[in-house]
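Engineer: Quick one: this structure, given as structure tokens, is what I'll be asking you about.
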Amino acid sequence: MLAVGRASPSIFRALSCSSVVRSFSSGSDGRKIQLGGIYPPLTTPFNVDETIAFDKLASNLTKYSQIPFAGYVVQGSNGEYPYLEKEEKLQIVKFVKDFIKGSNKPLIAGSGCESTKATVKLTEAMADCGADAVMVVTPAYFKVSMNDAAMIAHYTTVADSSPVPVILYSVPANTGIDLSIDAIQVLAKHPNIIGLKDSGGDVTRIGSIVQKTRGQDFKVLSGSASFLLPSYLAGSVGGVCALANVLGDVLCHMHSLYENNIIDKELQRRLIDPNNMVTRRFGVAGMKAALDLFGYYGGPNRSPMLSASAEARQVIKKAFLDNEFVPQSR
């Protein structure tokens, strides 16, 4: 485990990356990646001056180590990925991988960029820093041009060159683009594309994707706790859920129940309002407020995103309490 503290030049030098030769569908240690279970999309903790608070990241990871997560995701939407510089992204991947290496749990890193060339380069760099798989969000700036042909060409090129498995990532609330089922069906046949994180909230779409990719080594992960149980029933194998950062033990419990053929509809309903607080209503600012509420480190957001107001924090707290999730120091 690395020594931790405020971001400093000495830490940055320690977080250099080295090249490793890997095969398709295997992670940084050569093991085949099997998707399934609950993965928290980790937030990026900042100090007041907006430098990365590696000591707080270590503190959160220490607490998460007590929860039966399937693995971890960094550089997703909840990590404030668009606001980080490339070197910061790589430093976080290296830091988290070094911290969790004794757990044998995979680390998934978001590497999607607007251009295919930049995505290829960042994917390779993240693999060199220890990422066991990459999650690639749809390019979206030139929306009109991002048709099926463009998406298939983009992801195929990335997967062809990636040293680690690729997970497709569709999050239309942020990008305005929902990767089409037809494109997914084609891409699922690629030997180095192993799954999809679908955050759109359309459970019938998830079921259709699962049905149309049957027979492929391709899995679907739910992108939200709001529809986690319905997505299981539709054929998903787990979730990359923002709420897992706060209620990871609860979401892992739901996964375990489902694995044992127990359907807890009441628990699913209780998750909806708290999840809304940390996603649609208050976003990452709400997530960090909830982390502070439950004894983790949330801290400030990086500008221009503003942190949650005092009034918002009260609304967030009430949503958790109303659904019997009691804030407590961990």
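Residues are named by chain letter and number: chains run A, B, ... in the order of the structure tokens, numbers start at 1 in each chain, and ligands are numbered from 1 in the order shown.
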Would you list, as a list in words, the residues of stretch 184-240 of chain A that end up in helix (DSSP H, G or I) under DSSP run on this structure's backbone?
Structural biologist: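 For stretch 184-240 of chain A, the helix (DSSP H, G or I) set is Ile184, Gln185, Val186, Leu187, Val203, Thr204, Arg205, Ile206, Gly207, Ser208, Ile209, Val210, Gln211, Lys212, Ala225, Ser226, Phe227, Leu228, Leu229, Pro230, Ser231, Tyr232, Leu233 and Ala234 of chain A.
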Engineer: With only C-alpha atoms as the counted atoms, please give the residues lying no more than 10 Å from A:Asp160, apart from itself and same-chain residues fewer than 4 positions off, as a compact mmCIF listing (two decimals) with N, CA, C and O atoms, in the first residue's frame.
Structural biologist:
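The result, stored in out.txt:
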```
# COMPACT_ATOMS: atom_id res chain seq x y z
N PHE A 24 -6.21 -10.57 -24.81
CA PHE A 24 -7.61 -10.17 -24.86
C PHE A 24 -8.39 -10.77 -23.70
O PHE A 24 -8.18 -11.92 -23.32
N VAL A 120 -7.79 5.50 -27.61
CA VAL A 120 -6.81 4.42 -27.72
C VAL A 120 -5.60 4.70 -26.83
O VAL A 120 -5.14 3.84 -26.08
N TYR A 155 -15.52 1.88 -31.39
CA TYR A 155 -15.31 0.87 -30.36
C TYR A 155 -14.48 -0.31 -30.87
O TYR A 155 -13.71 -0.91 -30.12
N THR A 156 -14.64 -0.64 -32.14
CA THR A 156 -13.85 -1.74 -32.70
C THR A 156 -12.37 -1.39 -32.70
O THR A 156 -11.51 -2.21 -32.33
N VAL A 164 -6.43 -4.53 -22.46
CA VAL A 164 -7.35 -5.08 -21.46
C VAL A 164 -8.77 -5.05 -22.03
O VAL A 164 -9.04 -4.34 -22.99
N PRO A 165 -9.69 -5.82 -21.43
CA PRO A 165 -11.06 -5.86 -21.94
C PRO A 165 -11.75 -4.50 -21.91
O PRO A 165 -11.47 -3.66 -21.05
N VAL A 166 -12.70 -4.33 -22.82
CA VAL A 166 -13.44 -3.09 -22.98
C VAL A 166 -14.90 -3.31 -22.58
O VAL A 166 -15.52 -4.30 -22.97
N HIS A 190 -17.18 -8.88 -30.59
CA HIS A 190 -15.73 -8.65 -30.53
C HIS A 190 -15.14 -9.38 -29.32
O HIS A 190 -15.68 -9.28 -28.21
N PRO A 191 -14.07 -10.12 -29.50
CA PRO A 191 -13.51 -10.91 -28.38
C PRO A 191 -12.98 -10.09 -27.22
O PRO A 191 -12.78 -10.62 -26.13
N ASN A 192 -12.76 -8.79 -27.44
CA ASN A 192 -12.22 -7.96 -26.36
C ASN A 192 -13.24 -6.96 -25.81
O ASN A 192 -12.89 -6.10 -25.02
N ILE A 193 -14.49 -7.11 -26.22
CA ILE A 193 -15.57 -6.30 -25.65
C ILE A 193 -16.43 -7.24 -24.80
O ILE A 193 -17.07 -8.15 -25.33
```
Engineer: Pick out the residues sitting within 10 Å of A:Ala312, and hand them over as an NGL selection string; count only C-alpha atoms, and ignore anything fewer than 6 positions along from it in its own chain.
Structural biologist: :A and (277 or 281-282 or 285-286 or 289 or 318)
Engineer: Could the residues in this selection be written to a file with N, CA, C and O atoms, as a PDB file, in the first residue's frame?
Structural biologist:
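Ended up saving to selection21.pdb:
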```
ATOM      1  N   MET A 277     -31.365  11.256  -5.093  1.00  0.00           N
ATOM      2  CA  MET A 277     -30.646  12.366  -4.473  1.00  0.00           C
ATOM      3  C   MET A 277     -29.210  12.462  -4.976  1.00  0.00           C
ATOM      4  O   MET A 277     -28.656  13.562  -5.100  1.00  0.00           O
ATOM      5  N   ARG A 281     -31.229  14.331  -9.162  1.00  0.00           N
ATOM      6  CA  ARG A 281     -31.592  15.605  -8.546  1.00  0.00           C
ATOM      7  C   ARG A 281     -30.380  16.478  -8.229  1.00  0.00           C
ATOM      8  O   ARG A 281     -30.340  17.654  -8.577  1.00  0.00           O
ATOM      9  N   PHE A 282     -29.391  15.905  -7.528  1.00  0.00           N
ATOM     10  CA  PHE A 282     -28.253  16.722  -7.104  1.00  0.00           C
ATOM     11  C   PHE A 282     -26.927  16.269  -7.715  1.00  0.00           C
ATOM     12  O   PHE A 282     -25.904  16.916  -7.510  1.00  0.00           O
ATOM     13  N   ALA A 285     -22.562  16.320  -6.693  1.00  0.00           N
ATOM     14  CA  ALA A 285     -22.556  17.133  -5.472  1.00  0.00           C
ATOM     15  C   ALA A 285     -23.405  16.458  -4.395  1.00  0.00           C
ATOM     16  O   ALA A 285     -23.039  16.440  -3.211  1.00  0.00           O
ATOM     17  N   GLY A 286     -24.543  15.899  -4.808  1.00  0.00           N
ATOM     18  CA  GLY A 286     -25.380  15.168  -3.866  1.00  0.00           C
ATOM     19  C   GLY A 286     -24.702  13.908  -3.370  1.00  0.00           C
ATOM     20  O   GLY A 286     -24.831  13.532  -2.195  1.00  0.00           O
ATOM     21  N   ALA A 289     -22.208  14.890  -0.750  1.00  0.00           N
ATOM     22  CA  ALA A 289     -22.902  15.269   0.483  1.00  0.00           C
ATOM     23  C   ALA A 289     -23.345  14.016   1.235  1.00  0.00           C
ATOM     24  O   ALA A 289     -23.231  13.937   2.468  1.00  0.00           O
ATOM     25  N   LYS A 318     -32.982  13.724   4.611  1.00  0.00           N
ATOM     26  CA  LYS A 318     -34.365  13.306   4.829  1.00  0.00           C
ATOM     27  C   LYS A 318     -34.736  12.124   3.937  1.00  0.00           C
ATOM     28  O   LYS A 318     -35.438  11.189   4.365  1.00  0.00           O
TER      29      LYS A 318
END
```
Engineer: I'd like the neighbourhood of A:Met126 as a ChimeraX atom specification, where a residue qualifies if any of its atoms comes within 10 Å (using only C-alpha atoms), though same-chain residues fewer than 2 positions away should be ignored.
Structural biologist: /A:17,19,28,89-94,108-111,121-124,128-134,162-164
Engineer: May I ask which of the residues A:Asn323, A:Ser224, A:Ser303, A:Ser309 is the closest one to A:Leu267, counting only C-alpha atoms?
Structural biologist: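 For A:Leu267, the nearest of the candidates is A:Asn323.
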Engineer: May I ask for the distance between atom CA of A:Arg280 and atom CA of A:Asp178, given in Å to one decimal place?
Structural biologist: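 So the two atoms, atom CA of A:Arg280 and atom CA of A:Asp178, lie 16.8 Å apart.
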